[in-house]
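K.L.:
Please see the structure below; I have some questions.
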Amino acid sequence: MLYFSRWKTALIWAVVLAGVILALPNLFTQDQLVTLPDWLPKKQLALGLDLEGGSRLRLQVDKDHLPDTDATIAILTRRLSELGYTNPNVEGQRNGRVLVEVPGLYDSQLLKDILSLTGELHFQMVDDSVPVQQAIDGTPPEGDEVVYSFDDPPVAYLVKKEPLVSNKNFVDAQAGIDTTTQEPVITFRLDSIGADRFSKATKANVGKSFAIVLDNQVLSAPVISEEIPGNTGQISGNFDLSGASNLALVMRAGALPASVTVLEERTIGTDLGAAAVASGKIAALIGAVLVIVFMLLTYGLLGVIANIALVVNVILILAVLTLFGAPLTLAGVAGIVLTIGMAVDSNVLIYERIREDRRAGFSVIQAIDSGFSRALATIVDANVTTLIAALVLFILGSGPVHGFALTVTIGIVTTLFTTFTLTRWLVSVWVQWARPKEVPGALLKLVPNNTKIPFMKLRFLTLGFSALSSIAALVLFAIVGMNFGIDFKGGTMVEIQSHEGAIDLDDVYSRLEDLNIGDIKIEPFKSDDRALITVGSQGEGEDAEQTVGVKIRGELQDDFDFRRIDVIGPSVSSELSHAGMLAVGLSLAVIFVYVWLRFEWHFALGAILATIHDVLLLLGMFIVFQMEFNLWSIAALLAIVGYSLNDTVVIYDRVRENLRRYGNSMSLSALLDASINQTLSRTILTSLATFLALIVLYLYGGDDVKSFALVLGVGIIVATYSSIFVAGPLLMLFGLKGRDVANNGPSAVSGQSGA
C-alpha cells in the first residue's frame, strides 16, 4: 500500500505541477503577466459579479414568441456591444428565459432601460380626415389605429397602420443637440428604400403631420413643411439627451422580435465587490493558517504532511476554476474556506486509524499501511454523501447556491486525490527515509485514548429530546412560519451609502413612505453611513416589482450611492422556493438510496432520520430567532446535510466492521458504544477543524457570509450531536443484528473497511 512505482510518482507530481502552473498567473497583475515567459499560461481566475461588481438580469421573452428567443439574444448582445461591453454573458435558458451578466457596470437602470425596450420605431402618417375622439368612441377607419403619446396625460393620435419607414430602414442613428432649438434630437440615416419612400410621402403630404411611434407610443408628431429629400433626418420628442442616446443605440442595434420582461435583477457595486475580494482573501488565509496550526499541534510530523496536501488541495481548486473559466463568487470563497476545514477530515480518519492500530500492537509500518487501507471505504462513503448534496445544489441551485456547490464539488474531488496519492506518497517517502520506530506524537491531545462512554444508556433521553425538538420545530413552522427573504417571496432590497455623513433613517423612511410602495423595512449597518432597505412584494406582477427600484432610485439618488440592488419578481421567487425544497428532498432521497446500497436499510433509514432531525432543528433556529431564510440558507442547509451524513457514515462504517468482527457475540448496545468511542476522536477533531474555518468566515465575511457561517457553525454542533446520540440509538431501535449485516451487507475483505 505504501509502495509507489516511478510512473505513479511521476503522474502524481505532474498533476501537482500542472495545478501550480495553472494557478500561478493569479499571483500577478495584468502588467506583470506580460513579463512572464511565453510558455507559461496567462489565464487568470474569473471573478463572479459579486466580487467584480456588475449586474445580472433574468429576462423573459414574450411566451407567444418563444421561437424568437435566439434572435432576441443576438440583438441584446448587439445592444450591449453598443454600450461598450464586448464580452458580456448573454445565454438562453429554458422557456424563453435569457440570462444577462454584465461585469463592471453599475448603472443597472440604464442597462434595464436599454435591454427591455422593444425598440419598434415607425414613421406613420396622421389621419386627420376623422376626429380622433370619434375614432376612439366608435371604430377607427379601415387601415387606421389610435395610438397615444408618452405625455402625462397622454394625447391620442389617429394614424395609418402602414408605416412610411420602420426599423429595417434605419442604417445609423446618433444623439445630439439641435443648434436652433437646443433640444435633444436623434439624427438618423435611411437606406435607399426608406429614403425613397420617405421623400415621396413628405412631398405628397406637405402641411400634414406624421407620427414618430416608438413601441406603440408617439414620441412626437411634426408637421411636414416641405419635401424631405435625401436619406437623413432628425427626430425630436419627449426625451432628454440620455433618453435620446439610449433610443439611438436601440435604433442602431435593431428592434427586438418580441417584447421582454425583467424578472430578476442583482446588482453589486464595484467598490462593494472589491471589499468582498479583500475580506474573502483574509478569511481564506486566516482560516488556512488556523487549520494548519491545529493539524501541527494535533499530529506533529504527520500534520506537516497533511498541511502540504492541504495547500496543494487549494491550489488544485484554483487551477480547475482557472482552467475552465468558472467564475469564483463570494459563495465560492465560502466553499473553499469550508473545504479547508473539511479537507483535513480524510487525513484525520487515516491518522486516527494509524494511532489505533499502533495501540493494538501493529508495528509502525503495519499501522501506517493499514491506516490508509482500512480508512479507504469510509472516506469514499463519507465524501460521496457530501458530493451528492453538492451536485444537487449545483444542478438545482442559482446565484450563491450554485457558486458554493461548484467549489465544494471540486474540493471533494481534489481532496480525494491529495489524500490517496500525494499524502500517501509523502508518508511513504518519510517512512523509507526515516525508518520511524514510533508514530509521531502531538502537543495537543483533545480526546483520551480508549474512551468507554456508555452512550446507549442515554438513548431514551437523547432520542426523546430529539423527537420533542423536531416536533416543536414543525409546530413552530406551522404557527409562526419562516422569515423568508426576497429570494423566496419576491421584493426589492437596496443597500445605500450616504454621500456625506450618517444616514437619518427616519428621514429615509419618510421619503420612501410617500412613494406608496408598500411594506418598507430599513436596517442600519455597523457603519452609520450605510443602510439596507427592503420592500415587500407588490403582488401585482413583474413590472410592479421593477417599478419599486426605479422609484427608490429616483427619490434617493441625489443623496446616496447604490451599492447593491436586488429585485426579485414573483415568478423567480416561486421557482427559487420550489427549487430549494426540491434540492433538500432530492439530496436526502439519493443519499438514502446510496447508503442503502452500501450498507442496508437499517443504516440508510437511521442516517436519513438523523439528518432530517438536523434540518428540522436548524429550521427551528431560523423560526425562533426570525433569521432571514434565503438562498444562502439553502446552501448552508445542504452543506449540513452532507456534513451530517459524512459524520454518521463514519460511525456506521465502524459499526458495520464491528458487526462483521463480533457478529452476535457482543450485545448490540455494547457494540454501538464501542464503535462510537472508537471514532470519537475523529468526530471531535474534524468538527473543531471545520469550526475554526467557520469562525474566520463569521468574523471576516460580509453580512450574507456571516449568517451563512453562523448557520453552518450551529449545524456542525447539531450534526455532531446527532451522529453520536441519534444515529447510533436509532440502530438499537431498529433491532439491527450482526448476522443481518454479515449476510446482506456488501462483502469486504477483512481489514479493508471502517475508520
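For the C-alpha cells, the naming scheme is as follows: chains receive sequential letters (A, B, ...) according to their order of presentation, residues are indexed from 1 within each chain, and ligands are indexed from 1 in presentation order.
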Which residues, written as a PDB file with N, CA, C and O atoms, in the first residue's frame, have at least one atom at most 6 Å from stretch 497-513 of chain A, with only C-alpha atoms counted and residues fewer than 3 positions away on the same chain left out?

P.N.:
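Output file around.pdb follows:
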```pdb
ATOM      1  N   ASN A 516     -45.537  55.278  -1.780  1.00  0.00           N
ATOM      2  CA  ASN A 516     -46.644  54.316  -1.824  1.00  0.00           C
ATOM      3  C   ASN A 516     -46.203  52.991  -2.460  1.00  0.00           C
ATOM      4  O   ASN A 516     -46.799  52.498  -3.414  1.00  0.00           O
ATOM      5  N   ASP A 528     -22.434  53.894  10.146  1.00  0.00           N
ATOM      6  CA  ASP A 528     -23.675  54.669  10.186  1.00  0.00           C
ATOM      7  C   ASP A 528     -23.970  55.419   8.891  1.00  0.00           C
ATOM      8  O   ASP A 528     -24.994  56.095   8.792  1.00  0.00           O
ATOM      9  N   ASP A 529     -23.074  55.301   7.898  1.00  0.00           N
ATOM     10  CA  ASP A 529     -23.361  55.941   6.612  1.00  0.00           C
ATOM     11  C   ASP A 529     -23.979  54.971   5.614  1.00  0.00           C
ATOM     12  O   ASP A 529     -24.162  55.306   4.446  1.00  0.00           O
ATOM     13  N   ARG A 530     -24.314  53.760   6.085  1.00  0.00           N
ATOM     14  CA  ARG A 530     -24.912  52.752   5.210  1.00  0.00           C
ATOM     15  C   ARG A 530     -26.203  52.210   5.820  1.00  0.00           C
ATOM     16  O   ARG A 530     -26.362  52.182   7.036  1.00  0.00           O
ATOM     17  N   ASP A 559     -28.686  61.887  -2.996  1.00  0.00           N
ATOM     18  CA  ASP A 559     -28.048  61.909  -1.677  1.00  0.00           C
ATOM     19  C   ASP A 559     -27.290  60.633  -1.329  1.00  0.00           C
ATOM     20  O   ASP A 559     -26.558  60.608  -0.345  1.00  0.00           O
ATOM     21  N   PHE A 560     -27.505  59.576  -2.126  1.00  0.00           N
ATOM     22  CA  PHE A 560     -26.926  58.287  -1.758  1.00  0.00           C
ATOM     23  C   PHE A 560     -26.349  57.572  -2.973  1.00  0.00           C
ATOM     24  O   PHE A 560     -26.819  57.750  -4.099  1.00  0.00           O
ATOM     25  N   ASP A 561     -25.332  56.747  -2.704  1.00  0.00           N
ATOM     26  CA  ASP A 561     -24.850  55.788  -3.698  1.00  0.00           C
ATOM     27  C   ASP A 561     -25.578  54.471  -3.473  1.00  0.00           C
ATOM     28  O   ASP A 561     -25.894  54.102  -2.334  1.00  0.00           O
TER      29      ASP A 561
END
```

K.L.:
If you run DSSP over the backbone, which residues in stretch 491-737 of chain A end up alpha helix (DSSP H)? Put them as a count of residues only.

P.N.:
171

K.L.:
For atom CA of A:Val314 and atom CA of A:Leu637, determine how far apart the two atoms are, in Å to one decimal place.

P.N.:
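Distance reported for this atom pair: 23.6 Å.
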
K.L.:
Tell me, as a list in words, which residues lie within 10 Å of A:Ile453, counting only C-alpha atoms; anything in the same chain fewer than 3 positions away does not count.

P.N.:
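Here the qualifying residues turn out to be Asn450, Met456, Lys457, Asp673, Ala674, Ile676, Asn677 and Leu680 of chain A.
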
K.L.:
Per residue of stretch 377-453 of chain A within 10 Å of stretch 34-49 of chain A, which atom pair is closest and at what distance in Å (one decimal), using only C-alpha atoms, listed by chain and increasing number, as JSON lines?

P.N.:
```
{"residue": "A:Gly399", "atom": "CA", "partner": "A:Gly48", "partner_atom": "CA", "distance": 9.8}
{"residue": "A:Pro400", "atom": "CA", "partner": "A:Gly48", "partner_atom": "CA", "distance": 9.9}
{"residue": "A:Gly403", "atom": "CA", "partner": "A:Gly48", "partner_atom": "CA", "distance": 8.7}
```

K.L.:
Which residue is closest to A:Ala727? Choose from A:Ala610, A:Ile695, A:Ile634, A:Val650 and count only C-alpha atoms.

P.N.:
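Among the listed residues, the smallest separation from A:Ala727 belongs to A:Ala610.
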
K.L.:
In Å, rounded to a single decimal, give me how far atom CA of A:Thr298 is from atom CA of A:Leu443.

P.N.:
6.3 Å

K.L.:
Based on DSSP run over this structure's backbone, return all residues of stretch 17-166 of chain A in strand (DSSP E or B), as a tab-separated table (two decimals) with C-alpha atoms, in the first residue's frame.

P.N.:
```
chain	number	residue	atom	x	y	z
A	47	LEU	CA	-14.40	36.65	-10.67
A	54	GLY	CA	-21.80	44.29	-12.16
A	55	SER	CA	-25.37	43.39	-12.98
A	56	ARG	CA	-27.19	40.12	-13.54
A	57	LEU	CA	-30.60	40.30	-15.18
A	58	ARG	CA	-33.01	37.50	-15.94
A	59	LEU	CA	-35.39	38.34	-18.77
A	60	GLN	CA	-38.50	36.61	-20.07
A	61	VAL	CA	-39.29	36.63	-23.78
A	89	ASN	CA	-22.59	36.84	-20.93
A	90	VAL	CA	-25.95	36.51	-22.71
A	91	GLU	CA	-27.33	32.99	-22.65
A	92	GLY	CA	-30.67	31.42	-23.35
A	97	ARG	CA	-35.61	32.92	-20.31
A	98	VAL	CA	-32.48	34.95	-21.08
A	99	LEU	CA	-29.69	35.50	-18.54
A	100	VAL	CA	-27.62	38.65	-18.99
A	101	GLU	CA	-24.45	39.22	-16.94
A	102	VAL	CA	-22.51	42.45	-17.39
A	103	PRO	CA	-19.36	42.81	-15.24
A	121	LEU	CA	-39.81	52.61	-34.35
A	122	HIS	CA	-42.19	53.63	-37.14
A	123	PHE	CA	-42.99	56.81	-39.05
A	124	GLN	CA	-46.76	56.74	-39.61
A	125	MET	CA	-48.94	59.34	-41.31
A	126	VAL	CA	-51.54	61.08	-39.11
A	144	ASP	CA	-56.13	53.27	-39.18
A	145	GLU	CA	-55.37	52.83	-35.48
A	146	VAL	CA	-55.37	55.01	-32.37
A	147	VAL	CA	-52.07	55.42	-30.53
A	148	TYR	CA	-51.18	57.58	-27.54
A	149	SER	CA	-48.19	59.76	-26.72
A	156	ALA	CA	-54.36	60.38	-28.70
A	157	TYR	CA	-53.49	60.25	-32.43
A	158	LEU	CA	-55.26	58.57	-35.32
A	159	VAL	CA	-52.57	57.19	-37.63
A	160	LYS	CA	-52.25	54.97	-40.67
A	165	VAL	CA	-40.38	53.66	-42.70
```

K.L.:
For a test of reading the model, state the distance in Å between atom CA of A:Ile186 and atom CA of A:Asp172, rounded to one decimal.

P.N.:
10.0 Å
